[in-house]
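So this one's entry22.txt, compact mmCIF, C-alpha atoms:
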# COMPACT_ATOMS: atom_id res chain seq x y z
CA MET A 840 -34.22 23.15 -35.56
CA MET A 841 -32.16 25.50 -37.65
CA ASN A 842 -34.98 26.36 -40.04
CA LEU A 843 -36.84 28.34 -37.38
CA GLU A 844 -37.13 32.08 -37.76
CA SER A 845 -36.38 32.80 -34.13
CA ILE A 846 -35.92 31.20 -30.76
CA PRO A 847 -39.22 29.60 -29.73
CA ILE A 848 -41.06 31.41 -26.98
CA GLN A 849 -41.26 28.17 -24.98
CA ALA A 850 -37.49 28.18 -24.47
CA PHE A 851 -37.58 31.53 -22.69
CA LEU A 852 -40.63 30.51 -20.68
CA ILE A 853 -38.99 27.28 -19.52
CA VAL A 854 -35.85 29.12 -18.42
CA SER A 855 -37.99 31.58 -16.49
CA SER A 856 -40.04 28.80 -14.86
CA ALA A 857 -36.92 26.93 -13.82
CA LEU A 858 -35.36 30.09 -12.38
CA PHE A 859 -38.55 30.80 -10.41
CA CYS A 860 -38.62 27.29 -8.96
CA ILE A 861 -34.94 27.48 -7.99
CA GLY A 862 -35.75 30.74 -6.23
CA ILE A 863 -38.64 29.15 -4.32
CA TRP A 864 -36.45 26.22 -3.31
CA GLY A 865 -33.79 28.58 -2.02
CA LEU A 866 -36.39 30.64 -0.18
CA LEU A 867 -37.76 27.57 1.59
CA ASN A 868 -34.45 25.90 2.40
CA SER A 869 -31.97 28.66 3.22
CA ARG A 870 -30.95 29.21 6.79
CA ASN A 871 -28.99 32.38 6.10
CA ALA A 872 -31.22 35.44 5.88
CA VAL A 873 -29.03 37.04 3.20
CA ARG A 874 -29.51 33.98 1.01
CA VAL A 875 -33.27 34.31 1.43
CA LEU A 876 -33.05 37.84 0.04
CA MET A 877 -30.95 36.55 -2.85
CA SER A 878 -33.60 33.92 -3.62
CA ILE A 879 -36.24 36.64 -3.71
CA GLU A 880 -34.11 38.52 -6.22
CA LEU A 881 -33.86 35.36 -8.33
CA MET A 882 -37.64 35.01 -8.34
CA LEU A 883 -38.08 38.65 -9.33
CA ASN A 884 -35.66 38.10 -12.19
CA ALA A 885 -37.66 35.09 -13.36
CA VAL A 886 -40.79 37.24 -13.41
CA ASN A 887 -38.90 39.89 -15.37
CA ILE A 888 -37.77 37.38 -17.99
CA ASN A 889 -41.38 36.26 -18.34
CA LEU A 890 -42.65 39.82 -18.82
CA MET A 891 -39.91 40.65 -21.32
CA THR A 892 -40.58 37.48 -23.32
CA PHE A 893 -44.26 38.20 -23.68
CA SER A 894 -43.53 41.83 -24.44
CA SER A 895 -41.22 40.83 -27.25
CA TYR A 896 -43.23 37.95 -28.72
CA VAL A 897 -46.85 38.95 -28.22
CA ASP A 898 -46.91 42.73 -27.82
CA ASN A 899 -43.91 43.81 -29.85
CA ASN A 900 -45.38 47.10 -30.99
CA LEU A 901 -46.57 48.54 -27.71
CA ILE A 902 -43.92 46.85 -25.50
CA GLN A 903 -45.88 47.38 -22.30
CA GLY A 904 -44.09 44.41 -20.73
CA GLN A 905 -40.84 46.32 -20.83
CA VAL A 906 -42.43 49.20 -18.92
CA PHE A 907 -43.69 46.70 -16.35
CA THR A 908 -40.19 45.29 -16.09
CA ILE A 909 -38.83 48.75 -15.35
CA PHE A 910 -41.33 49.09 -12.51
CA VAL A 911 -40.51 45.62 -11.17
CA ILE A 912 -36.80 46.54 -11.17
CA THR A 913 -37.65 49.71 -9.22
CA VAL A 914 -39.67 47.82 -6.62
CA ALA A 915 -36.95 45.18 -6.37
CA ALA A 916 -34.33 47.80 -5.63
CA ALA A 917 -36.52 49.33 -2.91
CA GLU A 918 -37.24 45.87 -1.51
CA ALA A 919 -33.57 44.97 -1.37
CA ALA A 920 -32.68 48.18 0.46
CA VAL A 921 -35.44 47.82 3.06
CA GLY A 922 -34.88 44.07 3.41
CA LEU A 923 -31.21 44.47 4.11
CA ALA A 924 -31.90 47.27 6.59
CA ILE A 925 -34.34 44.98 8.42
CA LEU A 926 -31.69 42.27 8.34
CA LEU A 927 -29.11 44.58 9.87
CA SER A 928 -31.38 45.61 12.70
CA LEU A 929 -32.34 41.96 13.29
CA TYR A 930 -28.67 41.06 13.43
CA ARG A 931 -28.09 43.84 15.93
CA ASN A 932 -30.80 42.47 18.21
CA ARG A 933 -30.25 38.72 17.92
CA VAL A 934 -26.59 38.53 16.81
CA THR A 935 -27.39 35.86 14.27
CA VAL A 936 -28.72 35.61 10.72
CA ASP A 937 -30.08 32.09 11.17
CA MET A 938 -33.67 32.00 9.92
CA GLU A 939 -34.57 29.34 12.49
CA SER A 940 -33.88 31.71 15.36
CA PHE A 941 -36.33 34.36 14.19
CA ASN A 942 -39.28 32.61 15.79
CA LEU A 943 -40.89 35.34 17.85
CA LEU A 944 -44.15 35.17 15.88
CA LYS A 945 -44.28 31.37 15.92
CA TRP A 946 -47.24 29.86 17.75
CA MET B 1315 -31.34 43.35 -34.42
CA SER B 1316 -30.55 40.89 -37.15
CA ILE B 1317 -28.12 38.34 -35.81
CA ALA B 1318 -28.11 35.03 -37.63
CA ILE B 1319 -30.42 32.54 -36.07
CA THR B 1320 -27.62 30.09 -35.31
CA THR B 1321 -25.78 32.75 -33.35
CA GLN B 1322 -28.96 33.57 -31.48
CA PHE B 1323 -29.40 29.94 -30.53
CA ILE B 1324 -25.83 29.65 -29.31
CA CYS B 1325 -26.12 32.85 -27.28
CA PHE B 1326 -29.44 31.78 -25.80
CA THR B 1327 -28.13 28.35 -24.83
CA VAL B 1328 -25.00 29.72 -23.18
CA LEU B 1329 -26.87 32.49 -21.35
CA SER B 1330 -29.64 30.26 -20.06
CA LEU B 1331 -27.14 27.64 -18.91
CA VAL B 1332 -25.24 30.34 -17.00
CA VAL B 1333 -28.50 31.62 -15.51
CA LEU B 1334 -29.71 28.22 -14.34
CA ILE B 1335 -26.37 26.84 -13.11
CA GLY B 1336 -25.57 30.14 -11.43
CA ALA B 1337 -28.95 30.19 -9.72
CA LEU B 1338 -28.41 26.63 -8.49
CA GLY B 1339 -25.04 27.74 -7.18
CA VAL B 1340 -26.63 30.69 -5.41
CA VAL B 1341 -29.01 28.48 -3.46
CA LEU B 1342 -26.77 25.43 -2.99
CA LEU B 1343 -23.25 26.69 -2.29
CA GLU B 1344 -22.01 26.60 1.25
CA SER B 1345 -20.21 29.94 1.23
CA ILE B 1346 -22.47 32.96 1.08
CA VAL B 1347 -19.77 35.10 -0.56
CA TYR B 1348 -19.56 32.77 -3.56
CA SER B 1349 -23.36 32.91 -3.74
CA ALA B 1350 -23.29 36.71 -3.89
CA PHE B 1351 -20.77 36.79 -6.73
CA LEU B 1352 -22.64 34.08 -8.64
CA LEU B 1353 -25.77 36.18 -8.21
CA GLY B 1354 -23.97 38.98 -10.05
CA GLY B 1355 -23.21 36.56 -12.88
CA VAL B 1356 -26.87 35.52 -13.02
CA PHE B 1357 -27.95 39.16 -13.23
CA MET B 1358 -25.49 39.83 -16.07
CA SER B 1359 -26.72 36.80 -18.01
CA VAL B 1360 -30.32 37.89 -17.55
CA ALA B 1361 -29.30 41.23 -19.06
CA GLY B 1362 -27.87 39.27 -22.00
CA LEU B 1363 -31.20 37.48 -22.40
CA TYR B 1364 -32.90 40.89 -22.53
CA LEU B 1365 -30.52 41.91 -25.32
CA LEU B 1366 -31.54 38.79 -27.22
CA LEU B 1367 -35.15 39.94 -26.80
CA ASN B 1368 -34.24 43.30 -28.39
CA ALA B 1369 -34.57 45.37 -25.24
CA SER B 1370 -31.35 47.28 -24.87
CA PHE B 1371 -32.74 49.87 -22.47
CA VAL B 1372 -34.04 47.31 -20.00
CA ALA B 1373 -30.77 45.38 -20.29
CA ALA B 1374 -28.84 48.51 -19.36
CA ALA B 1375 -31.24 49.19 -16.48
CA GLN B 1376 -30.78 45.60 -15.30
CA VAL B 1377 -27.00 45.95 -15.27
CA LEU B 1378 -27.11 49.33 -13.55
CA VAL B 1379 -29.71 48.53 -10.91
CA TYR B 1380 -29.17 44.86 -10.19
CA VAL B 1381 -25.43 44.42 -10.66
CA GLY B 1382 -24.51 47.96 -9.72
CA ALA B 1383 -26.82 48.51 -6.77
CA VAL B 1384 -28.59 45.41 -5.47
CA ASN B 1385 -25.63 43.06 -5.72
CA VAL B 1386 -23.24 45.56 -4.15
CA LEU B 1387 -25.77 46.11 -1.36
CA ILE B 1388 -25.97 42.36 -0.76
CA ILE B 1389 -22.18 42.08 -0.65
CA PHE B 1390 -22.07 44.94 1.87
CA ALA B 1391 -24.72 43.21 3.97
CA ILE B 1392 -22.68 40.00 3.93
CA MET B 1393 -19.64 41.98 5.00
CA LEU B 1394 -21.56 43.49 7.91
CA VAL B 1395 -23.20 40.32 9.21
CA ASN B 1396 -20.66 37.69 8.19
CA LYS B 1397 -19.98 35.85 11.40
CA LYS B 1398 -19.00 32.24 11.54
CA GLU B 1399 -21.61 30.48 13.60
CA ASP B 1400 -22.43 26.82 13.89
CA LEU B 1401 -26.09 26.47 13.17
CA LYS B 1402 -28.24 24.43 15.43
CA PRO B 1403 -29.28 21.21 13.72
CA ILE B 1404 -32.96 20.86 12.93
CA ASN B 1405 -34.36 17.46 13.80
CA ASP B 1406 -36.83 17.06 10.93
CA ILE B 1407 -34.58 18.55 8.26
CA LYS B 1408 -34.91 15.54 5.96
CA SER B 1409 -38.69 15.58 5.75
CA ARG B 1410 -38.59 19.35 5.26
CA ARG B 1411 -36.18 18.98 2.36
CA ILE B 1412 -38.30 16.28 0.79
CA ILE B 1413 -41.51 18.29 1.10
CA SER B 1414 -40.02 21.52 -0.24
CA THR B 1415 -38.24 19.80 -3.12
CA SER B 1416 -41.39 17.96 -4.13
CA ILE B 1417 -43.38 21.20 -4.00
CA CYS B 1418 -40.83 22.92 -6.23
CA LEU B 1419 -40.66 20.03 -8.70
CA THR B 1420 -44.45 19.87 -8.88
CA LEU B 1421 -44.67 23.59 -9.55
CA LEU B 1422 -41.91 23.32 -12.16
CA SER B 1423 -43.61 20.47 -14.00
CA LEU B 1424 -46.91 22.36 -13.92
CA LEU B 1425 -45.32 25.52 -15.32
CA ILE B 1426 -43.42 23.64 -18.02
CA ARG B 1427 -46.59 21.82 -18.99
CA VAL B 1428 -48.40 25.13 -19.38
CA ASP B 1429 -45.47 26.55 -21.34
CA LEU B 1430 -45.40 23.65 -23.77
CA THR B 1431 -49.06 22.83 -24.26
CA ASN B 1432 -50.60 26.27 -24.47
CA VAL B 1433 -51.04 27.67 -27.96
CA TRP B 1434 -49.50 31.13 -27.89
CA SER B 1435 -51.00 33.63 -30.29
CA LEU B 1436 -47.80 35.28 -31.40
CA SER B 1437 -47.81 38.42 -33.44
CA SER B 1438 -45.58 38.59 -36.45
CA PRO B 1439 -43.12 39.81 -37.53
CA LEU B 1440 -41.02 39.37 -34.44
CA ASN B 1441 -39.16 42.35 -33.00
CA SER B 1442 -40.68 44.84 -35.38
CA ILE B 1443 -39.71 48.02 -33.56
CA GLY B 1444 -36.20 46.98 -32.60
CA GLU B 1445 -34.06 49.81 -31.34
CA GLU B 1446 -37.01 52.19 -31.13
CA SER B 1447 -38.06 50.44 -27.94
CA THR B 1448 -36.29 53.03 -25.80
CA ILE B 1449 -38.35 55.81 -27.38
CA ARG B 1450 -41.50 53.77 -26.89
CA ILE B 1451 -40.71 53.16 -23.21
CA GLY B 1452 -40.21 56.89 -22.72
CA GLU B 1453 -43.54 57.63 -24.37
CA HIS B 1454 -45.25 55.09 -22.12
CA LEU B 1455 -43.63 56.45 -18.97
CA PHE B 1456 -44.79 59.99 -19.65
CA SER B 1457 -48.25 59.30 -20.99
CA ASP B 1458 -50.26 56.27 -19.91
CA TYR B 1459 -47.90 55.09 -17.18
CA LEU B 1460 -47.36 58.54 -15.69
CA LEU B 1461 -49.14 57.80 -12.41
CA PRO B 1462 -47.18 54.58 -11.68
CA PHE B 1463 -44.01 56.45 -12.61
CA GLU B 1464 -44.68 59.15 -10.02
CA VAL B 1465 -45.79 56.60 -7.42
CA ALA B 1466 -42.52 54.74 -8.02
CA SER B 1467 -40.59 57.87 -7.18
CA VAL B 1468 -42.54 58.21 -3.92
CA LEU B 1469 -41.87 54.52 -3.23
CA LEU B 1470 -38.13 55.00 -3.74
CA LEU B 1471 -38.14 57.98 -1.37
CA MET B 1472 -40.02 55.96 1.24
CA ALA B 1473 -37.63 53.04 0.85
CA MET B 1474 -34.65 55.36 1.24
CA ILE B 1475 -35.97 56.97 4.42
CA GLY B 1476 -37.18 53.63 5.76
CA ALA B 1477 -33.84 51.97 5.21
CA ILE B 1478 -32.04 54.79 6.99
CA VAL B 1479 -34.46 54.67 9.92
CA LEU B 1480 -34.24 50.88 10.22
CA ALA B 1481 -30.49 50.53 9.89
CA ARG B 1482 -29.48 53.52 11.99
CA ARG B 1483 -28.06 52.94 15.42
CA ASP B 1484 -30.05 54.67 18.11
CA VAL B 1485 -27.16 56.23 19.95
CA MET B 1486 -27.59 59.08 22.37
CA SER B 1487 -24.74 61.12 23.68
CA ARG B 1488 -25.65 60.47 27.31
CA ASP B 1489 -26.95 57.45 29.08
CA ILE B 1490 -30.56 58.12 30.10
CA SER B 1491 -30.42 56.41 33.51
CA THR B 1492 -27.00 57.45 34.73
CA GLY B 1493 -26.35 60.65 32.81
CA LEU B 1494 -22.79 59.56 31.97
CA PRO B 1495 -21.45 60.05 28.45
CA VAL B 1496 -21.76 56.94 26.32
CA ASP B 1497 -18.72 55.38 24.72
CA GLN B 1498 -19.77 55.57 21.08
CA GLU B 1499 -17.14 53.11 19.88
CA LEU B 1500 -18.21 50.19 21.98
CA ILE B 1501 -21.95 50.62 21.75
CA GLU B 1502 -22.48 47.42 19.74
CA LYS B 1503 -20.13 45.24 21.68
CA SER B 1504 -21.39 46.20 25.10
CA SER B 1505 -25.11 46.03 24.46
CA GLU B 1506 -26.87 42.83 25.39
CA PRO B 1507 -29.06 41.23 22.75
CA LEU B 1508 -32.57 42.54 23.34
CA LEU B 1509 -34.29 39.28 22.63
CA THR B 1510 -33.02 35.95 23.81
CA ASN B 1511 -33.57 32.74 22.01
CA LYS B 1512 -36.72 30.89 22.89
CA ASN B 1513 -35.28 27.41 22.73
In structure tokens, how does this file's structure come out?
Amino acid sequence: MMNLESIPIQAFLIVSSALFCIGIWGLLNSRNAVRVLMSIELMLNAVNINLMTFSSYVDNNLIQGQVFTIFVITVAAAEAAVGLAILLSLYRNRVTVDMESFNLLKW
Amino acid sequence: MSIAITTQFICFTVLSLVVLIGALGVVLLESIVYSAFLLGGVFMSVAGLYLLLNASFVAAAQVLVYVGAVNVLIIFAIMLVNKKEDLKPINDIKSRRIISTSICLTLLSLLIRVDLTNVWSLSSPLNSIGEESTIRIGEHLFSDYLLPFEVASVLLLMAMIGAIVLARRDVMSRDISTGLPVDQELIEKSSEPLLTNKN
């Protein structure tokens, strides 16, 4: 293992896959709306690790993956701000953050 | 960056363990405050992984935006909505857990299988531009990614205005029906919830 030149790309990819799956699990199983937003952030971070890995291992001259990561970070910041604002106005109307009680669109 | 390969392995192992265990803590811990602080730790470790991948600019952006802005925003949101409430039990919680866990494990095994079996066509040598990556990102942002860059600024403006509009309290100085001045302090306590629970 020590005669490798660098960390194998598979190691980074496995970490990113595991982080993404943890995020999905949290998204499906959380009852607190804030935790759902946190899980979304975890998934976005997994995607970012994936992009950065490929940018560094496959496209290391034109690092376009890093530019994509910058844009994903921008969108994630906007998403967090709007998501938490929606959460606050939901809390003001229903006085709870329980995901099970937001069932107005349920048929 | 030319750290010895053994050091790189040690750093990678520690950082990825912190990322994965911290992420498990974020989704599994009972207290949401602990989750928020663990999320900050996960973001910092992801920035460390970016440093290992020779991307110092993106690592700095990760620390500034995620730890400095998103995590603080989440902690503020917890502070604003943190009310102890006993959640109503769900009757089919066990089958739900089983189904979601099996979906996640299936997806994980699929992804890991793709990661391990695919033959990646890697370019060599690794990390050839190194610390010039910041210059390269700047060139990209102002030449071939100029349009997304400008659209991102419009998106941030829209998110800013949208967040203000959504989170603002609609408080008028006078009550519309009675014409009496409204007590601004008690507006949240006195107002009835607009929507009642269905069940």
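Atom CA of Tyr1380 of chain B to atom CA of Ser878 of chain A spans 13.5 Å [interatomic distance, one decimal].
Nearest residue to Glu1399 of chain B, choosing from A:Met891, A:Leu876, A:Val936, A:Ala917 and counting all atoms listed in the file: A:Val936.
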Practice task
Using all atoms listed in the file, find the one residue out of B:Ile1443, B:Ile1324, B:Leu1461, B:Ile1449 that sits nearest to chain A.
Solution key: B:Ile1443
Handout entry: Residue contacts of segment 1345-1355 of chain B (12 Å, only C-alpha atoms) excluding same-chain residues fewer than 5 positions away, as a PyMOL selection string
Key = (chain A and resi 862+865+869-882+884+936) or (chain B and resi 1329-1340+1360-1362+1376-1393+1395-1398)
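Here atom CA of Ala1369 of chain B is placed at a distance of 6.7 Å from atom CA of Ser1447 of chain B.
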Find the residues of chain A that sit at most 6 Å from chain B; for each, write down the nearest two atoms and how far apart they are in Å, to one decimal. Count only C-alpha atoms. Sort by chain, then by number going up, and give it as JSON lines.
{"residue": "A:Gln849", "atom": "CA", "partner": "B:Asp1429", "partner_atom": "CA", "distance": 5.8}
{"residue": "A:Ile853", "atom": "CA", "partner": "B:Ile1426", "partner_atom": "CA", "distance": 5.9}
{"residue": "A:Cys860", "atom": "CA", "partner": "B:Cys1418", "partner_atom": "CA", "distance": 5.6}
{"residue": "A:Gly865", "atom": "CA", "partner": "B:Val1341", "partner_atom": "CA", "distance": 5.0}
{"residue": "A:Tyr896", "atom": "CA", "partner": "B:Leu1436", "partner_atom": "CA", "distance": 5.9}
{"residue": "A:Val897", "atom": "CA", "partner": "B:Leu1436", "partner_atom": "CA", "distance": 4.9}
{"residue": "A:Asn899", "atom": "CA", "partner": "B:Asn1441", "partner_atom": "CA", "distance": 5.9}
{"residue": "A:Ala917", "atom": "CA", "partner": "B:Ala1473", "partner_atom": "CA", "distance": 5.4}
{"residue": "A:Val921", "atom": "CA", "partner": "B:Ala1477", "partner_atom": "CA", "distance": 4.9}
{"residue": "A:Ala924", "atom": "CA", "partner": "B:Ala1481", "partner_atom": "CA", "distance": 4.8}
{"residue": "A:Ser928", "atom": "CA", "partner": "B:Ala1481", "partner_atom": "CA", "distance": 5.7}
{"residue": "A:Asn932", "atom": "CA", "partner": "B:Pro1507", "partner_atom": "CA", "distance": 5.0}
{"residue": "A:Arg933", "atom": "CA", "partner": "B:Pro1507", "partner_atom": "CA", "distance": 5.6}
Practice task
For atom CA of Asp937 of chain A and atom CA of Glu1344 of chain B, quote the distance in Å rounded to one decimal.
Solution key: 13.9 Å
Can you complete the atoms of segment 890-925 of chain A to N, CA and C atoms and list them as a PDB file, in the frame of the given file?
ATOM      1  N   LEU A 890     -42.020  38.597 -18.286  1.00  0.00           N
ATOM      2  CA  LEU A 890     -42.650  39.820 -18.820  1.00  0.00           C
ATOM      3  C   LEU A 890     -41.966  40.251 -20.115  1.00  0.00           C
ATOM      4  N   MET A 891     -40.642  40.203 -20.137  1.00  0.00           N
ATOM      5  CA  MET A 891     -39.910  40.650 -21.320  1.00  0.00           C
ATOM      6  C   MET A 891     -40.186  39.737 -22.505  1.00  0.00           C
ATOM      7  N   THR A 892     -40.302  38.417 -22.231  1.00  0.00           N
ATOM      8  CA  THR A 892     -40.580  37.480 -23.320  1.00  0.00           C
ATOM      9  C   THR A 892     -41.924  37.773 -23.949  1.00  0.00           C
ATOM     10  N   PHE A 893     -42.936  37.935 -23.099  1.00  0.00           N
ATOM     11  CA  PHE A 893     -44.260  38.200 -23.680  1.00  0.00           C
ATOM     12  C   PHE A 893     -44.297  39.553 -24.353  1.00  0.00           C
ATOM     13  N   SER A 894     -43.558  40.518 -23.803  1.00  0.00           N
ATOM     14  CA  SER A 894     -43.530  41.830 -24.440  1.00  0.00           C
ATOM     15  C   SER A 894     -42.916  41.749 -25.815  1.00  0.00           C
ATOM     16  N   SER A 895     -41.904  40.895 -25.961  1.00  0.00           N
ATOM     17  CA  SER A 895     -41.220  40.830 -27.250  1.00  0.00           C
ATOM     18  C   SER A 895     -41.958  39.949 -28.248  1.00  0.00           C
ATOM     19  N   TYR A 896     -42.628  38.900 -27.784  1.00  0.00           N
ATOM     20  CA  TYR A 896     -43.230  37.950 -28.720  1.00  0.00           C
ATOM     21  C   TYR A 896     -44.692  38.259 -29.010  1.00  0.00           C
ATOM     22  N   VAL A 897     -45.406  38.789 -28.043  1.00  0.00           N
ATOM     23  CA  VAL A 897     -46.850  38.950 -28.220  1.00  0.00           C
ATOM     24  C   VAL A 897     -47.210  40.408 -28.476  1.00  0.00           C
ATOM     25  N   ASP A 898     -46.515  41.321 -27.787  1.00  0.00           N
ATOM     26  CA  ASP A 898     -46.910  42.730 -27.820  1.00  0.00           C
ATOM     27  C   ASP A 898     -45.710  43.544 -28.305  1.00  0.00           C
ATOM     28  N   ASN A 899     -45.195  43.218 -29.493  1.00  0.00           N
ATOM     29  CA  ASN A 899     -43.910  43.810 -29.850  1.00  0.00           C
ATOM     30  C   ASN A 899     -44.046  45.210 -30.423  1.00  0.00           C
ATOM     31  N   ASN A 900     -45.257  45.728 -30.510  1.00  0.00           N
ATOM     32  CA  ASN A 900     -45.380  47.100 -30.990  1.00  0.00           C
ATOM     33  C   ASN A 900     -45.502  48.077 -29.832  1.00  0.00           C
ATOM     34  N   LEU A 901     -46.328  47.685 -28.864  1.00  0.00           N
ATOM     35  CA  LEU A 901     -46.570  48.540 -27.710  1.00  0.00           C
ATOM     36  C   LEU A 901     -45.802  48.091 -26.488  1.00  0.00           C
ATOM     37  N   ILE A 902     -44.773  47.320 -26.586  1.00  0.00           N
ATOM     38  CA  ILE A 902     -43.920  46.850 -25.500  1.00  0.00           C
ATOM     39  C   ILE A 902     -44.277  47.292 -24.074  1.00  0.00           C
ATOM     40  N   GLN A 903     -45.501  46.985 -23.660  1.00  0.00           N
ATOM     41  CA  GLN A 903     -45.880  47.380 -22.300  1.00  0.00           C
ATOM     42  C   GLN A 903     -45.187  46.508 -21.270  1.00  0.00           C
ATOM     43  N   GLY A 904     -44.797  45.275 -21.667  1.00  0.00           N
ATOM     44  CA  GLY A 904     -44.090  44.410 -20.730  1.00  0.00           C
ATOM     45  C   GLY A 904     -42.770  44.995 -20.301  1.00  0.00           C
ATOM     46  N   GLN A 905     -42.116  45.725 -21.209  1.00  0.00           N
ATOM     47  CA  GLN A 905     -40.840  46.320 -20.830  1.00  0.00           C
ATOM     48  C   GLN A 905     -41.047  47.415 -19.794  1.00  0.00           C
ATOM     49  N   VAL A 906     -42.145  48.167 -19.916  1.00  0.00           N
ATOM     50  CA  VAL A 906     -42.430  49.200 -18.920  1.00  0.00           C
ATOM     51  C   VAL A 906     -42.694  48.538 -17.560  1.00  0.00           C
ATOM     52  N   PHE A 907     -43.444  47.435 -17.601  1.00  0.00           N
ATOM     53  CA  PHE A 907     -43.690  46.700 -16.350  1.00  0.00           C
ATOM     54  C   PHE A 907     -42.382  46.226 -15.750  1.00  0.00           C
ATOM     55  N   THR A 908     -41.462  45.765 -16.605  1.00  0.00           N
ATOM     56  CA  THR A 908     -40.190  45.290 -16.090  1.00  0.00           C
ATOM     57  C   THR A 908     -39.419  46.405 -15.399  1.00  0.00           C
ATOM     58  N   ILE A 909     -39.491  47.610 -15.984  1.00  0.00           N
ATOM     59  CA  ILE A 909     -38.830  48.750 -15.350  1.00  0.00           C
ATOM     60  C   ILE A 909     -39.398  48.963 -13.946  1.00  0.00           C
ATOM     61  N   PHE A 910     -40.731  48.880 -13.828  1.00  0.00           N
ATOM     62  CA  PHE A 910     -41.330  49.090 -12.510  1.00  0.00           C
ATOM     63  C   PHE A 910     -40.952  47.974 -11.546  1.00  0.00           C
ATOM     64  N   VAL A 911     -40.892  46.730 -12.052  1.00  0.00           N
ATOM     65  CA  VAL A 911     -40.510  45.620 -11.170  1.00  0.00           C
ATOM     66  C   VAL A 911     -39.077  45.811 -10.688  1.00  0.00           C
ATOM     67  N   ILE A 912     -38.197  46.289 -11.576  1.00  0.00           N
ATOM     68  CA  ILE A 912     -36.800  46.540 -11.170  1.00  0.00           C
ATOM     69  C   ILE A 912     -36.760  47.610 -10.079  1.00  0.00           C
ATOM     70  N   THR A 913     -37.594  48.659 -10.241  1.00  0.00           N
ATOM     71  CA  THR A 913     -37.650  49.710  -9.220  1.00  0.00           C
ATOM     72  C   THR A 913     -38.079  49.159  -7.867  1.00  0.00           C
ATOM     73  N   VAL A 914     -39.164  48.376  -7.886  1.00  0.00           N
ATOM     74  CA  VAL A 914     -39.670  47.820  -6.620  1.00  0.00           C
ATOM     75  C   VAL A 914     -38.655  46.865  -6.024  1.00  0.00           C
ATOM     76  N   ALA A 915     -37.942  46.111  -6.888  1.00  0.00           N
ATOM     77  CA  ALA A 915     -36.950  45.180  -6.370  1.00  0.00           C
ATOM     78  C   ALA A 915     -35.807  45.907  -5.692  1.00  0.00           C
ATOM     79  N   ALA A 916     -35.408  47.043  -6.257  1.00  0.00           N
ATOM     80  CA  ALA A 916     -34.330  47.800  -5.630  1.00  0.00           C
ATOM     81  C   ALA A 916     -34.776  48.321  -4.263  1.00  0.00           C
ATOM     82  N   ALA A 917     -36.013  48.850  -4.193  1.00  0.00           N
ATOM     83  CA  ALA A 917     -36.520  49.330  -2.910  1.00  0.00           C
ATOM     84  C   ALA A 917     -36.619  48.194  -1.909  1.00  0.00           C
ATOM     85  N   GLU A 918     -37.080  47.031  -2.394  1.00  0.00           N
ATOM     86  CA  GLU A 918     -37.240  45.870  -1.510  1.00  0.00           C
ATOM     87  C   GLU A 918     -35.903  45.405  -0.965  1.00  0.00           C
ATOM     88  N   ALA A 919     -34.884  45.407  -1.838  1.00  0.00           N
ATOM     89  CA  ALA A 919     -33.570  44.970  -1.370  1.00  0.00           C
ATOM     90  C   ALA A 919     -33.030  45.909  -0.305  1.00  0.00           C
ATOM     91  N   ALA A 920     -33.207  47.218  -0.520  1.00  0.00           N
ATOM     92  CA  ALA A 920     -32.680  48.180   0.460  1.00  0.00           C
ATOM     93  C   ALA A 920     -33.372  48.004   1.807  1.00  0.00           C
ATOM     94  N   VAL A 921     -34.716  47.944   1.791  1.00  0.00           N
ATOM     95  CA  VAL A 921     -35.440  47.820   3.060  1.00  0.00           C
ATOM     96  C   VAL A 921     -35.186  46.462   3.703  1.00  0.00           C
ATOM     97  N   GLY A 922     -35.129  45.404   2.874  1.00  0.00           N
ATOM     98  CA  GLY A 922     -34.880  44.070   3.410  1.00  0.00           C
ATOM     99  C   GLY A 922     -33.545  43.971   4.104  1.00  0.00           C
ATOM    100  N   LEU A 923     -32.517  44.548   3.477  1.00  0.00           N
ATOM    101  CA  LEU A 923     -31.210  44.470   4.110  1.00  0.00           C
ATOM    102  C   LEU A 923     -31.130  45.342   5.349  1.00  0.00           C
ATOM    103  N   ALA A 924     -31.879  46.455   5.374  1.00  0.00           N
ATOM    104  CA  ALA A 924     -31.900  47.270   6.590  1.00  0.00           C
ATOM    105  C   ALA A 924     -32.576  46.505   7.731  1.00  0.00           C
ATOM    106  N   ILE A 925     -33.678  45.813   7.412  1.00  0.00           N
ATOM    107  CA  ILE A 925     -34.340  44.980   8.420  1.00  0.00           C
ATOM    108  C   ILE A 925     -33.391  43.901   8.926  1.00  0.00           C
TER     109      ILE A 925
END
